[in-house]
>>> print(open('input.cif').read())   # mmCIF, C-alpha atoms
data_query
loop_
_atom_site.label_atom_id
_atom_site.label_comp_id
_atom_site.auth_asym_id
_atom_site.auth_seq_id
_atom_site.Cartn_x
_atom_site.Cartn_y
_atom_site.Cartn_z
CA MET A 186 -29.73 19.23 69.58
CA GLU A 187 -32.22 20.49 67.02
CA LYS A 188 -30.07 23.49 66.14
CA THR A 189 -26.60 24.82 66.92
CA PRO A 190 -26.60 26.79 70.21
CA LYS A 191 -25.62 30.45 69.96
CA SER A 192 -22.58 29.80 72.15
CA LEU A 193 -21.14 27.50 69.44
CA ARG A 194 -21.69 29.96 66.59
CA LEU A 195 -19.26 32.52 65.19
CA GLN A 196 -20.33 35.80 66.80
CA ILE A 197 -20.31 38.74 64.37
CA GLY A 198 -20.93 42.15 65.95
CA ILE A 199 -22.29 44.93 63.73
CA PHE A 200 -21.32 48.39 65.01
CA GLY A 201 -21.55 51.98 63.80
CA ARG A 202 -23.17 55.35 64.30
CA THR A 203 -26.93 55.74 64.31
CA ASN A 204 -28.62 55.69 60.90
CA VAL A 205 -25.63 54.43 58.87
CA GLY A 206 -27.66 51.38 57.84
CA LYS A 207 -26.49 48.64 60.24
CA SER A 208 -29.91 47.00 60.35
CA SER A 209 -30.37 47.39 56.59
CA PHE A 210 -27.00 45.70 56.09
CA LEU A 211 -28.08 42.80 58.34
CA ASN A 212 -31.37 42.46 56.47
CA MET A 213 -29.46 42.44 53.18
CA VAL A 214 -27.10 39.68 54.32
CA ALA A 215 -29.93 37.62 55.85
CA GLY A 216 -32.15 38.06 52.82
CA GLN A 217 -35.10 38.91 55.06
CA ASP A 218 -36.40 41.67 57.31
CA VAL A 219 -34.68 40.67 60.56
CA ALA A 220 -34.34 44.15 62.04
CA VAL A 221 -36.71 47.12 61.89
CA THR A 222 -35.31 49.90 59.71
CA SER A 223 -36.24 53.57 59.54
CA PRO A 224 -34.66 56.88 58.53
CA VAL A 225 -35.19 57.98 62.13
CA PRO A 226 -31.84 57.76 64.02
CA GLY A 227 -31.80 55.30 66.90
CA THR A 228 -34.44 52.91 65.55
CA THR A 229 -32.44 49.93 66.85
CA THR A 230 -32.74 50.35 70.62
CA ASP A 231 -31.35 47.00 71.75
CA VAL A 232 -29.16 44.26 70.34
CA VAL A 233 -30.90 42.26 67.61
CA GLU A 234 -29.59 38.68 67.20
CA LYS A 235 -29.93 36.74 63.96
CA THR A 236 -28.69 33.15 63.72
CA MET A 237 -28.09 31.61 60.33
CA GLU A 238 -25.97 29.13 58.41
CA LEU A 239 -23.35 31.03 56.40
CA LEU A 240 -21.71 28.29 54.36
CA PRO A 241 -18.91 27.34 54.08
CA ILE A 242 -18.19 29.07 57.41
CA GLY A 243 -21.01 27.31 59.20
CA PRO A 244 -23.31 28.48 62.00
CA VAL A 245 -23.05 32.19 62.85
CA VAL A 246 -24.99 34.76 64.83
CA PHE A 247 -25.11 38.43 63.80
CA LEU A 248 -25.38 40.95 66.63
CA ASP A 249 -26.94 44.19 65.37
CA THR A 250 -26.21 46.91 67.92
CA GLY A 251 -27.62 50.35 68.62
CA GLY A 252 -25.70 53.39 67.40
CA MET A 253 -22.61 54.31 69.39
CA ASP A 254 -23.56 58.01 69.11
CA ASP A 255 -27.14 57.50 70.36
CA SER A 256 -28.29 60.71 72.05
CA SER A 257 -31.78 59.60 73.11
CA VAL A 258 -33.08 59.61 76.67
CA LEU A 259 -31.95 56.01 77.30
CA SER A 260 -28.74 56.39 75.29
CA GLU A 261 -26.33 55.69 78.16
CA LYS A 262 -27.87 52.30 78.97
CA ARG A 263 -28.11 51.37 75.29
CA ILE A 264 -24.49 52.30 74.62
CA GLN A 265 -23.39 50.23 77.63
CA ARG A 266 -25.23 47.22 76.20
CA THR A 267 -23.61 47.83 72.83
CA LYS A 268 -20.15 47.97 74.42
CA LYS A 269 -20.74 44.61 76.10
CA ILE A 270 -21.06 43.04 72.64
CA PHE A 271 -17.33 43.73 72.13
CA ASP A 272 -16.67 41.13 74.84
CA ARG A 273 -18.69 38.63 72.85
CA ALA A 274 -17.87 39.40 69.20
CA ASP A 275 -15.41 37.10 67.42
CA VAL A 276 -15.43 39.49 64.46
CA VAL A 277 -16.30 43.22 64.41
CA VAL A 278 -18.12 44.64 61.38
CA LEU A 279 -18.04 48.46 61.36
CA VAL A 280 -20.68 50.05 59.12
CA THR A 281 -20.13 53.60 57.92
CA GLU A 282 -21.02 55.66 54.84
CA PRO A 283 -19.02 57.50 52.15
CA GLU A 284 -16.88 60.37 53.43
CA GLN A 285 -18.12 59.90 57.00
CA TRP A 286 -15.38 58.95 59.45
CA THR A 287 -15.53 60.44 62.91
CA GLY A 288 -14.27 59.83 66.40
CA PHE A 289 -17.03 57.24 66.82
CA GLU A 290 -15.56 55.08 64.05
CA ASP A 291 -12.09 55.45 65.54
CA ALA A 292 -13.43 54.44 68.96
CA ILE A 293 -14.94 51.25 67.51
CA CYS A 294 -11.65 50.43 65.77
CA ASP A 295 -9.75 51.02 69.02
CA GLU A 296 -12.12 48.75 70.93
CA ALA A 297 -11.76 45.99 68.33
CA THR A 298 -7.97 46.31 68.54
CA GLU A 299 -8.03 46.15 72.34
CA LYS A 300 -10.19 43.01 72.25
CA LYS A 301 -8.02 41.52 69.46
CA ALA A 302 -11.11 41.07 67.28
CA PRO A 303 -10.68 41.11 63.49
CA LEU A 304 -12.22 44.22 61.89
CA ILE A 305 -14.18 44.45 58.62
CA VAL A 306 -15.33 47.90 57.48
CA VAL A 307 -18.52 48.15 55.41
CA VAL A 308 -19.03 51.42 53.51
CA ASN A 309 -22.78 51.50 53.06
CA LYS A 310 -25.07 53.84 51.06
CA THR A 311 -22.88 53.82 47.97
CA ASP A 312 -26.06 54.52 45.99
CA LEU A 313 -26.01 58.01 47.50
CA GLY A 314 -22.32 58.73 46.97
CA VAL A 315 -19.09 57.09 45.86
CA PRO A 316 -16.26 57.02 48.43
CA THR A 317 -13.16 58.89 47.28
CA ALA A 318 -9.71 57.31 47.05
CA GLY A 319 -8.58 59.47 49.96
CA PHE A 320 -11.43 58.27 52.15
CA LEU A 321 -10.70 54.61 51.37
CA GLN A 322 -7.02 55.17 52.08
CA LYS A 323 -7.94 56.60 55.49
CA ILE A 324 -9.97 53.47 56.25
CA ARG A 325 -7.07 51.23 55.21
CA GLY A 326 -5.11 52.82 58.01
CA ARG A 327 -7.45 50.96 60.36
CA SER A 328 -8.38 47.86 58.32
CA GLU A 329 -7.44 46.33 54.99
CA ARG A 330 -10.83 44.62 54.80
CA ILE A 331 -13.29 47.01 53.19
CA LEU A 332 -16.64 46.16 51.60
CA LEU A 333 -18.62 48.65 49.50
CA CYS A 334 -22.36 48.17 49.35
CA SER A 335 -25.78 49.67 49.01
CA SER A 336 -28.07 47.81 51.36
CA VAL A 337 -31.10 48.84 49.31
CA ASP A 338 -29.77 47.30 46.08
CA VAL A 339 -31.09 43.75 46.39
CA SER A 340 -29.68 42.80 42.99
CA LYS A 341 -26.17 42.99 44.48
CA ARG A 342 -26.95 40.82 47.52
CA ASP A 343 -25.08 37.73 46.28
CA ASP A 344 -21.95 39.78 45.56
CA LEU A 345 -22.08 41.34 49.04
CA VAL A 346 -22.63 38.01 50.84
CA ASN A 347 -19.82 36.33 48.89
CA ASP A 348 -17.39 39.16 49.69
CA LEU A 349 -18.42 39.04 53.34
CA LYS A 350 -17.94 35.26 53.53
CA ARG A 351 -14.52 35.50 51.90
CA ASN A 352 -13.38 38.07 54.45
CA LEU A 353 -14.86 36.13 57.36
CA LEU A 354 -13.07 32.96 56.31
CA GLU A 355 -9.76 34.83 56.23
CA VAL A 356 -10.18 36.34 59.70
CA CYS A 357 -12.20 33.56 61.35
CA PRO A 358 -10.59 32.78 64.73
CA GLU A 359 -8.60 29.56 64.82
CA ASP A 360 -10.50 28.25 67.84
CA PHE A 361 -13.76 28.50 65.85
CA LEU A 362 -12.46 26.68 62.79
CA ARG A 363 -10.64 24.12 64.96
CA PRO A 364 -12.13 24.42 68.45
CA PRO A 365 -10.32 22.78 71.36
CA PRO A 366 -11.64 19.29 72.10
CA LEU A 367 -14.30 18.69 74.70
CA ILE A 368 -13.61 15.00 75.32
CA GLY A 369 -12.52 13.43 72.03
CA ASP A 370 -8.79 13.48 72.83
CA LEU A 371 -9.37 11.70 76.16
CA VAL A 372 -10.95 8.55 74.74
CA PRO A 373 -9.44 6.07 72.25
CA ALA A 374 -11.37 5.01 69.17
CA GLY A 375 -13.45 2.00 70.17
CA GLY A 376 -13.28 3.08 73.81
CA LEU A 377 -16.06 3.45 76.35
CA VAL A 378 -17.18 6.50 78.33
CA VAL A 379 -19.65 6.33 81.20
CA LEU A 380 -21.63 9.50 81.82
CA ILE A 381 -23.29 9.87 85.21
CA VAL A 382 -26.26 12.15 84.65
CA PRO A 383 -28.56 13.11 87.52
CA ILE A 384 -31.97 14.20 86.29
CA ASP A 385 -31.58 17.97 86.42
CA LEU A 386 -34.76 19.72 87.59
CA GLU A 387 -33.72 22.82 85.64
CA ALA A 388 -33.48 20.94 82.32
CA PRO A 389 -36.41 21.14 79.88
CA LYS A 390 -38.79 18.21 80.30
CA GLY A 391 -37.80 15.19 78.27
CA ARG A 392 -34.31 16.48 77.43
CA LEU A 393 -30.78 16.42 78.79
CA ILE A 394 -28.91 19.67 79.43
CA LEU A 395 -26.56 21.09 76.79
CA PRO A 396 -23.18 19.95 78.25
CA GLN A 397 -24.40 16.35 78.43
CA VAL A 398 -25.71 16.38 74.87
CA GLN A 399 -22.50 17.93 73.50
CA THR A 400 -20.37 15.37 75.36
CA ILE A 401 -22.40 12.45 73.98
CA ARG A 402 -22.09 13.82 70.45
CA GLU A 403 -18.31 14.30 70.64
CA VAL A 404 -17.74 10.81 72.04
CA LEU A 405 -19.74 9.36 69.15
CA ASP A 406 -17.86 11.55 66.66
CA SER A 407 -14.64 10.10 68.11
CA ASP A 408 -15.76 6.55 67.26
CA ALA A 409 -16.19 5.62 70.91
CA ALA A 410 -19.23 4.40 72.84
CA VAL A 411 -21.27 6.04 75.59
CA LEU A 412 -23.16 4.59 78.52
CA VAL A 413 -25.47 7.02 80.31
CA VAL A 414 -26.61 6.24 83.83
CA LYS A 415 -27.94 7.98 86.93
CA GLU A 416 -25.74 8.12 90.02
CA ARG A 417 -27.78 5.53 91.93
CA GLU A 418 -27.32 2.87 89.25
CA TYR A 419 -23.66 3.62 88.45
CA ALA A 420 -21.98 1.15 90.84
CA ALA A 421 -24.24 -1.69 89.68
CA LEU A 422 -23.50 -0.84 86.05
CA LEU A 423 -19.73 -1.11 86.63
CA MET A 424 -20.22 -4.60 88.03
CA ARG A 425 -21.88 -5.68 84.78
CA LEU A 426 -19.04 -4.45 82.55
CA LYS A 427 -16.51 -7.04 81.36
CA ASN A 428 -13.79 -4.34 81.09
CA PRO A 429 -13.54 -1.02 82.96
CA PRO A 430 -14.47 2.16 81.06
CA ASP A 431 -11.76 4.43 79.61
CA LEU A 432 -13.27 7.49 81.27
CA VAL A 433 -16.09 8.40 83.63
CA VAL A 434 -17.70 11.84 83.60
CA CYS A 435 -20.25 13.01 86.14
CA ASP A 436 -22.27 16.02 87.13
CA SER A 437 -20.25 17.95 89.73
CA GLN A 438 -23.05 17.63 92.27
CA VAL A 439 -22.44 13.87 92.59
CA VAL A 440 -18.63 13.92 92.25
CA LEU A 441 -18.01 12.56 95.74
CA LYS A 442 -20.17 9.48 95.13
CA MET A 443 -18.70 9.01 91.64
CA VAL A 444 -15.13 9.01 92.95
CA ALA A 445 -16.05 6.61 95.75
CA ASP A 446 -17.64 4.17 93.28
CA THR A 447 -14.95 4.40 90.57
CA PRO A 448 -11.94 2.02 90.68
CA PRO A 449 -8.66 3.93 91.30
CA ALA A 450 -7.21 2.90 87.94
CA VAL A 451 -10.13 4.44 86.01
CA LYS A 452 -9.78 8.12 85.09
CA CYS A 453 -12.70 10.35 85.92
CA THR A 454 -13.74 14.00 85.78
CA THR A 455 -16.83 16.23 85.63
CA PHE A 456 -18.79 17.94 82.87
CA SER A 457 -17.96 21.33 84.36
CA ILE A 458 -14.22 20.64 84.28
CA LEU A 459 -14.46 19.47 80.66
CA PHE A 460 -16.20 22.73 79.75
CA SER A 461 -13.67 24.78 81.68
CA ARG A 462 -11.06 23.46 79.26
CA LEU A 463 -13.26 23.82 76.17
CA LYS A 464 -14.49 27.34 76.85
CA GLY A 465 -11.69 28.92 78.84
CA ASP A 466 -8.43 28.14 80.59
CA LEU A 467 -8.53 25.10 82.88
CA THR A 468 -5.02 25.71 84.20
CA GLU A 469 -5.96 29.22 85.30
CA MET A 470 -9.13 27.92 86.96
CA VAL A 471 -7.15 25.29 88.84
CA LYS A 472 -4.63 27.85 90.06
CA GLY A 473 -7.47 30.12 91.17
CA VAL A 474 -9.22 27.49 93.27
CA THR A 475 -6.44 27.48 95.88
CA ALA A 476 -7.64 30.96 96.92
CA ILE A 477 -10.43 29.17 98.80
CA ASP A 478 -7.86 28.28 101.47
CA ARG A 479 -7.15 32.01 101.98
CA LEU A 480 -10.74 33.17 102.45
CA LYS A 481 -11.47 35.05 105.65
CA SER A 482 -14.64 36.06 107.44
CA GLY A 483 -16.54 38.73 105.51
CA ASP A 484 -14.70 38.20 102.22
CA LYS A 485 -16.80 38.73 99.08
CA VAL A 486 -17.13 35.79 96.68
CA LEU A 487 -18.83 36.05 93.29
CA ILE A 488 -20.83 33.12 91.89
CA ALA A 489 -21.00 33.89 88.15
CA GLU A 490 -23.52 32.04 85.99
CA SER A 491 -23.65 32.33 82.20
CA CYS A 492 -27.34 31.52 81.87
CA SER A 493 -30.44 33.03 83.43
CA HIS A 494 -32.82 30.58 85.04
CA HIS A 495 -35.27 30.38 87.89
CA ALA A 496 -33.36 29.05 90.88
CA VAL A 497 -34.75 25.76 92.18
CA GLU A 498 -34.91 24.84 95.86
CA ASP A 499 -31.41 23.32 96.02
CA ASP A 500 -29.84 25.32 93.17
CA ILE A 501 -26.19 24.47 92.49
CA GLY A 502 -24.97 28.07 92.19
CA ARG A 503 -27.26 29.85 94.64
CA VAL A 504 -27.53 27.21 97.37
CA LYS A 505 -25.16 24.24 97.17
CA ILE A 506 -21.84 25.91 96.31
CA PRO A 507 -22.32 28.67 98.93
CA ARG A 508 -23.15 26.01 101.53
CA TRP A 509 -20.14 23.82 100.66
CA LEU A 510 -17.86 26.86 100.54
CA ARG A 511 -18.89 28.09 103.99
CA GLN A 512 -18.57 24.59 105.44
CA TYR A 513 -15.07 24.20 104.01
CA ALA A 514 -13.83 27.70 104.92
CA GLY A 515 -15.39 27.59 108.36
CA VAL A 516 -16.18 31.31 108.23
CA GLU A 517 -19.10 33.49 107.17
CA LEU A 518 -18.62 34.78 103.62
CA ASP A 519 -20.36 37.53 101.67
CA ILE A 520 -21.45 35.52 98.62
CA ARG A 521 -22.98 37.40 95.70
CA SER A 522 -24.23 36.09 92.34
CA SER A 523 -24.55 37.35 88.78
CA ALA A 524 -26.42 35.72 85.91
CA GLY A 525 -26.51 35.80 82.14
CA ARG A 526 -24.22 38.30 80.46
CA ASP A 527 -24.12 40.58 83.52
CA TYR A 528 -20.55 40.59 84.81
CA PRO A 529 -19.87 43.04 87.65
CA GLU A 530 -17.64 46.03 87.00
CA ASP A 531 -16.35 46.06 90.60
CA LEU A 532 -14.48 42.74 90.36
CA GLU A 533 -11.63 44.10 92.45
CA THR A 534 -13.91 44.03 95.51
CA TYR A 535 -14.09 40.21 95.39
CA LYS A 536 -11.58 37.77 96.84
CA LEU A 537 -12.65 34.95 94.50
CA ILE A 538 -14.84 34.35 91.46
CA ILE A 539 -16.43 30.93 90.98
CA HIS A 540 -17.73 30.66 87.42
CA CYS A 541 -20.12 28.11 85.97
CA GLY A 542 -19.11 25.80 83.12
CA SER A 543 -19.97 28.62 80.66
CA CYS A 544 -21.81 26.36 78.21
CA MET A 545 -23.90 29.40 77.17
CA LEU A 546 -20.88 31.63 76.53
CA THR A 547 -18.48 31.62 73.63
CA ARG A 548 -14.84 30.75 74.30
CA ARG A 549 -13.97 34.36 73.54
CA GLU A 550 -16.39 35.66 76.18
CA MET A 551 -15.09 33.26 78.82
CA LEU A 552 -11.45 34.10 78.08
CA PHE A 553 -12.36 37.77 78.36
CA ARG A 554 -13.92 37.18 81.77
CA ILE A 555 -10.83 35.31 82.93
CA GLY A 556 -8.59 38.07 81.60
CA LYS A 557 -10.67 40.76 83.28
CA ALA A 558 -10.42 38.94 86.61
CA LYS A 559 -6.65 38.57 86.26
CA ALA A 560 -6.28 42.25 85.37
CA ARG A 561 -8.08 43.13 88.62
CA GLY A 562 -5.95 40.69 90.60
CA VAL A 563 -8.89 38.43 91.48
CA PRO A 564 -8.49 34.61 91.43
CA ILE A 565 -11.08 32.88 89.27
CA THR A 566 -12.12 29.24 89.26
CA ASN A 567 -14.94 27.04 87.99
CA TYR A 568 -17.94 25.27 89.55
CA GLY A 569 -16.57 21.78 88.91
CA VAL A 570 -13.03 22.64 90.01
CA ALA A 571 -14.27 24.34 93.20
CA ILE A 572 -16.65 21.50 94.13
CA SER A 573 -13.96 18.85 93.62
CA PHE A 574 -11.53 20.97 95.67
CA VAL A 575 -13.76 21.50 98.72
CA GLN A 576 -14.78 17.82 98.65
CA GLY A 577 -11.14 16.72 98.54
CA VAL A 578 -11.17 14.91 95.18
CA LEU A 579 -9.63 17.44 92.77
CA ASP A 580 -6.47 15.36 92.30
CA ARG A 581 -8.72 12.57 91.06
CA THR A 582 -10.89 14.63 88.72
CA LEU A 583 -7.82 16.25 87.15
CA ALA A 584 -6.22 12.87 86.38
CA PRO A 585 -7.24 12.99 82.68
CA PHE A 586 -5.22 16.26 82.35
CA PRO A 587 -1.65 15.50 83.56
CA MET A 588 -0.21 18.96 82.80
CA VAL A 589 -3.07 20.71 84.58
CA LEU A 590 -2.73 18.35 87.55
CA GLU A 591 0.97 19.20 87.75
CA ALA A 592 0.16 22.95 87.69
CA TYR A 593 -2.34 22.43 90.51
CA ARG A 594 0.13 20.53 92.68
CA SER A 595 2.79 23.17 92.05
CA GLN A 596 0.33 25.87 93.12
CA ILE A 597 -0.47 23.96 96.31
CA GLN A 598 3.24 23.54 97.10
CA ALA A 599 3.88 27.23 96.47
CA GLY A 600 1.11 28.11 98.89
CA GLU A 601 2.52 25.79 101.54
CA ARG A 602 5.95 27.44 101.28
CA LYS A 603 4.55 30.91 102.01
#
>>> encode(input="input.cif", output="structure tokens")
Amino acid sequence: MEKTPKSLRLQIGIFGRTNVGKSSFLNMVAGQDVAVTSPVPGTTTDVVEKTMELLPIGPVVFLDTGGMDDSSVLSEKRIQRTKKIFDRADVVVLVTEPEQWTGFEDAICDEATEKKAPLIVVVNKTDLGVPTAGFLQKIRGRSERILLCSSVDVSKRDDLVNDLKRNLLEVCPEDFLRPPPLIGDLVPAGGLVVLIVPIDLEAPKGRLILPQVQTIREVLDSDAAVLVVKEREYAALLMRLKNPPDLVVCDSQVVLKMVADTPPAVKCTTFSILFSRLKGDLTEMVKGVTAIDRLKSGDKVLIAESCSHHAVEDDIGRVKIPRWLRQYAGVELDIRSSAGRDYPEDLETYKLIIHCGSCMLTRREMLFRIGKAKARGVPITNYGVAISFVQGVLDRTLAPFPMVLEAYRSQIQAGERK
């Protein structure tokens, strides 16, 4: 990877009313003109993203949003886009100005509280007025983390950035500072992992896709070795090994062949299942997959993808999973799809959600999507889990995760008793 993907960066959402200086604040922190600024309210019409290295925190992405009180012609759509950033933000930065605290600021604080996102309040435009003690005390009722700044005073940039970094370090989510492992805890130091990697037609020419690259890097970081092979050459490769590998990981599309070619004593799983654990809640996804057995004719199923791409002829989400699902269920299903950061509001109309590995989402976003599905009473599962289930090999691909496998078997038994 030439640079850290946005999904692996700390996501910092910048919120506030129109014309309080959100974009000026971002430009000040970045030390460059990232966002267009103007005294005209509503200059920022869509979310502006700025990635940077904010040491010692590491890779971050700032999300500069439009004003929450936008009253322009397209205000409703813009505000809806701004609200979606709450699902994504690991940290909320609320920008206001001296002696200006309205219902809009309270609404942003309430949203941050609901999403359990740490809140930092920035009082901007201190060159135009000094906030009173009473005003600051009012803010402390919502957050103890308050920064005072003038985003036009470049001489104070270092002080502002240092204060911001100190506050971010104190509120930085634990799963960002110490993210859950992808594969490192499954392989001993000095061990061997075989990765079965079909050449993905949707991957950029000359490169592997992100989950494969991340897996290779973590295995190497864990002082283990990696062998990468296509599915056709896998069986022959095993024959050449003196000792069996410690773990085999494959693309979900070839899981049936991988399981057939892998000795029973060798643990194996899929990239999608690994990412389900890294980015979300694998146990919840495994419990949700059993809903496939309850699908009836006409039921709506959502295929949710986290990236936007042009669907190829035999696309995994648009073609293969729907085909395998209909073959397994034996009934005609109403299968819909969503892509990118579009996540339907009418989740309660679906009988099942099958989500991709979410390599393009943050862990926070994926957990939010899982939580939203649970709140609507809709089972949610994952591409890799669902494919292994309908092809009858889920017990095998969950073998590296004993506690998750036990939860899956318990869910199956509970369903059989009903």
>>> closest_atom_pairs(input="input.cif", of="region 294-395 of chain A", to="region 272-277 of chain A", cutoff="9 Å", atoms="only C-alpha atoms", output="Markdown table")
| residue | atom | partner | partner_atom | distance |
| --- | --- | --- | --- | --- |
| A:Cys294 | CA | A:Val277 | CA | 8.7 |
| A:Ala297 | CA | A:Val277 | CA | 6.6 |
| A:Lys300 | CA | A:Asp272 | CA | 7.2 |
| A:Lys301 | CA | A:Asp275 | CA | 8.8 |
| A:Ala302 | CA | A:Val276 | CA | 5.4 |
| A:Pro303 | CA | A:Val276 | CA | 5.1 |
| A:Leu304 | CA | A:Val277 | CA | 4.9 |
| A:Ile305 | CA | A:Val277 | CA | 6.3 |
| A:Val306 | CA | A:Val277 | CA | 8.4 |
| A:Leu353 | CA | A:Val276 | CA | 7.9 |
| A:Val356 | CA | A:Val276 | CA | 7.8 |
| A:Cys357 | CA | A:Val276 | CA | 7.4 |
| A:Pro358 | CA | A:Asp275 | CA | 7.0 |
| A:Phe361 | CA | A:Asp275 | CA | 8.9 |
>>> residues_near_point(input="input.cif", point="(-14.9, 17.8, 92.8)", cutoff="10 Å", atoms="all atoms listed in the file", output="ChimeraX atom specification")
/A:435-441,443-444,454-455,457-458,568-583
>>> closest_atom_pairs(input="input.cif", of="region 417-465 of chain A", to="region 399-404 of chain A", cutoff="10 Å", atoms="only C-alpha atoms", output="tab-separated table")
residue	atom	partner	partner_atom	distance
A:Val434	CA	A:Thr400	CA	9.4
A:Phe456	CA	A:Thr400	CA	8.1
A:Leu459	CA	A:Thr400	CA	8.9
A:Phe460	CA	A:Thr400	CA	9.5
>>> write_last_selection(input="input.cif", atoms="C-alpha atoms", output="PDB file, in the frame of the given file")
ATOM      1  CA  VAL A 434     -17.700  11.840  83.600  1.00  0.00           C
ATOM      2  CA  PHE A 456     -18.790  17.940  82.870  1.00  0.00           C
ATOM      3  CA  LEU A 459     -14.460  19.470  80.660  1.00  0.00           C
ATOM      4  CA  PHE A 460     -16.200  22.730  79.750  1.00  0.00           C
TER       5      PHE A 460
END
>>> resolve_selection(input="input.cif", expression="the PyMOL selection byres ((chain A and resi 191) around 12)", output="list in words")
Met186, Lys188, Thr189, Pro190, Ser192, Leu193, Arg194, Leu195, Gln196, Ile197, Glu234, Lys235, Thr236, Met237, Glu238, Pro244, Val245, Val246, Phe247, Leu248, Arg273, Ala274, Leu395, Cys544, Met545, Leu546, Thr547 and Arg548 of chain A
>>> residues_around(input="input.cif", residues="Leu211 (chain A)", least_positions_apart="5", cutoff="12 Å", atoms="only C-alpha atoms", output="PyMOL selection string")
chain A and resi 197-200+205-206+216-222+229+233-237+246-250+278-280+307+309+334-337+342+345-346+349
>>> resolve_selection(input="input.cif", expression="the PyMOL selection byres ((chain A and resi 517) around 6)", output="PDB file with C-alpha atoms, in the frame of the given file")
ATOM      1  CA  SER A 482     -14.640  36.060 107.440  1.00  0.00           C
ATOM      2  CA  VAL A 516     -16.180  31.310 108.230  1.00  0.00           C
ATOM      3  CA  LEU A 518     -18.620  34.780 103.620  1.00  0.00           C
TER       4      LEU A 518
END
>>> closest_residue(input="input.cif", among="A:Leu552, A:Val414, A:Leu332, A:Leu463", to="Asp370 (chain A)", atoms="all atoms listed in the file")
A:Leu463
>>> atom_distance(input="input.cif", atom1="CA of Asp500 (chain A)", atom2="CA of Ile488 (chain A)")
12.0 Å
>>> atom_distance(input="input.cif", atom1="CA of Gln397 (chain A)", atom2="CA of Val382 (chain A)")
7.7 Å
>>> closest_atom_pairs(input="input.cif", of="region 349-408 of chain A", to="region 464-474 of chain A", cutoff="10 Å", atoms="all atoms listed in the file", output="JSON lines")
{"residue": "A:Asp360", "atom": "CA", "partner": "A:Lys464", "partner_atom": "CA", "distance": 9.9}
{"residue": "A:Pro364", "atom": "CA", "partner": "A:Lys464", "partner_atom": "CA", "distance": 9.2}
{"residue": "A:Pro365", "atom": "CA", "partner": "A:Lys464", "partner_atom": "CA", "distance": 8.3}
{"residue": "A:Pro366", "atom": "CA", "partner": "A:Lys464", "partner_atom": "CA", "distance": 9.8}
{"residue": "A:Leu367", "atom": "CA", "partner": "A:Lys464", "partner_atom": "CA", "distance": 8.9}
>>> atom_distance(input="input.cif", atom1="CA of Gln598 (chain A)", atom2="CA of Arg462 (chain A)")
22.9 Å
>>> resolve_selection(input="input.cif", expression="the PyMOL selection byres ((chain A and resi 289) around 9)", output="VMD selection string")
chain A and resid 201 to 202 253 to 254 286 to 288 290 to 294
>>> closest_residue(input="input.cif", among="A:Gly251, A:Pro241, A:Pro396, A:Gly319", to="Leu354 (chain A)", atoms="only C-alpha atoms")
A:Pro241
>>> residues_around(input="input.cif", residues="region 562-564 of chain A", least_positions_apart="5", cutoff="10 Å", atoms="all atoms listed in the file", output="MDAnalysis selection string")
chainID A and resid 469:477 532:539 555:557
>>> residues_around(input="input.cif", residues="Glu284 (chain A)", least_positions_apart="3", cutoff="8 Å", atoms="all atoms listed in the file", output="mmCIF file with C-alpha atoms, in the coordinates of the input")
data_model
loop_
_atom_site.group_PDB
_atom_site.id
_atom_site.type_symbol
_atom_site.label_atom_id
_atom_site.label_comp_id
_atom_site.auth_asym_id
_atom_site.auth_seq_id
_atom_site.Cartn_x
_atom_site.Cartn_y
_atom_site.Cartn_z
ATOM 1 C CA PRO A 316 -16.260 57.020 48.430
ATOM 2 C CA THR A 317 -13.160 58.890 47.280
ATOM 3 C CA PHE A 320 -11.430 58.270 52.150
#
>>> closest_residue(input="input.cif", among="A:Val398, A:Leu313, A:Leu377, A:Leu423", to="Ala410 (chain A)", atoms="only C-alpha atoms")
A:Leu377
>>> closest_residue(input="input.cif", among="A:Glu359, A:Ile394, A:Arg327, A:Asn204", to="Arg549 (chain A)", atoms="only C-alpha atoms")
A:Glu359
>>> closest_residue(input="input.cif", among="A:Leu393, A:Ile501, A:Ala489, A:Cys541", to="Pro529 (chain A)", atoms="only C-alpha atoms")
A:Ala489
>>> closest_residue(input="input.cif", among="A:Leu321, A:Phe271, A:Gly391, A:Val379", to="Glu299 (chain A)", atoms="only C-alpha atoms")
A:Phe271
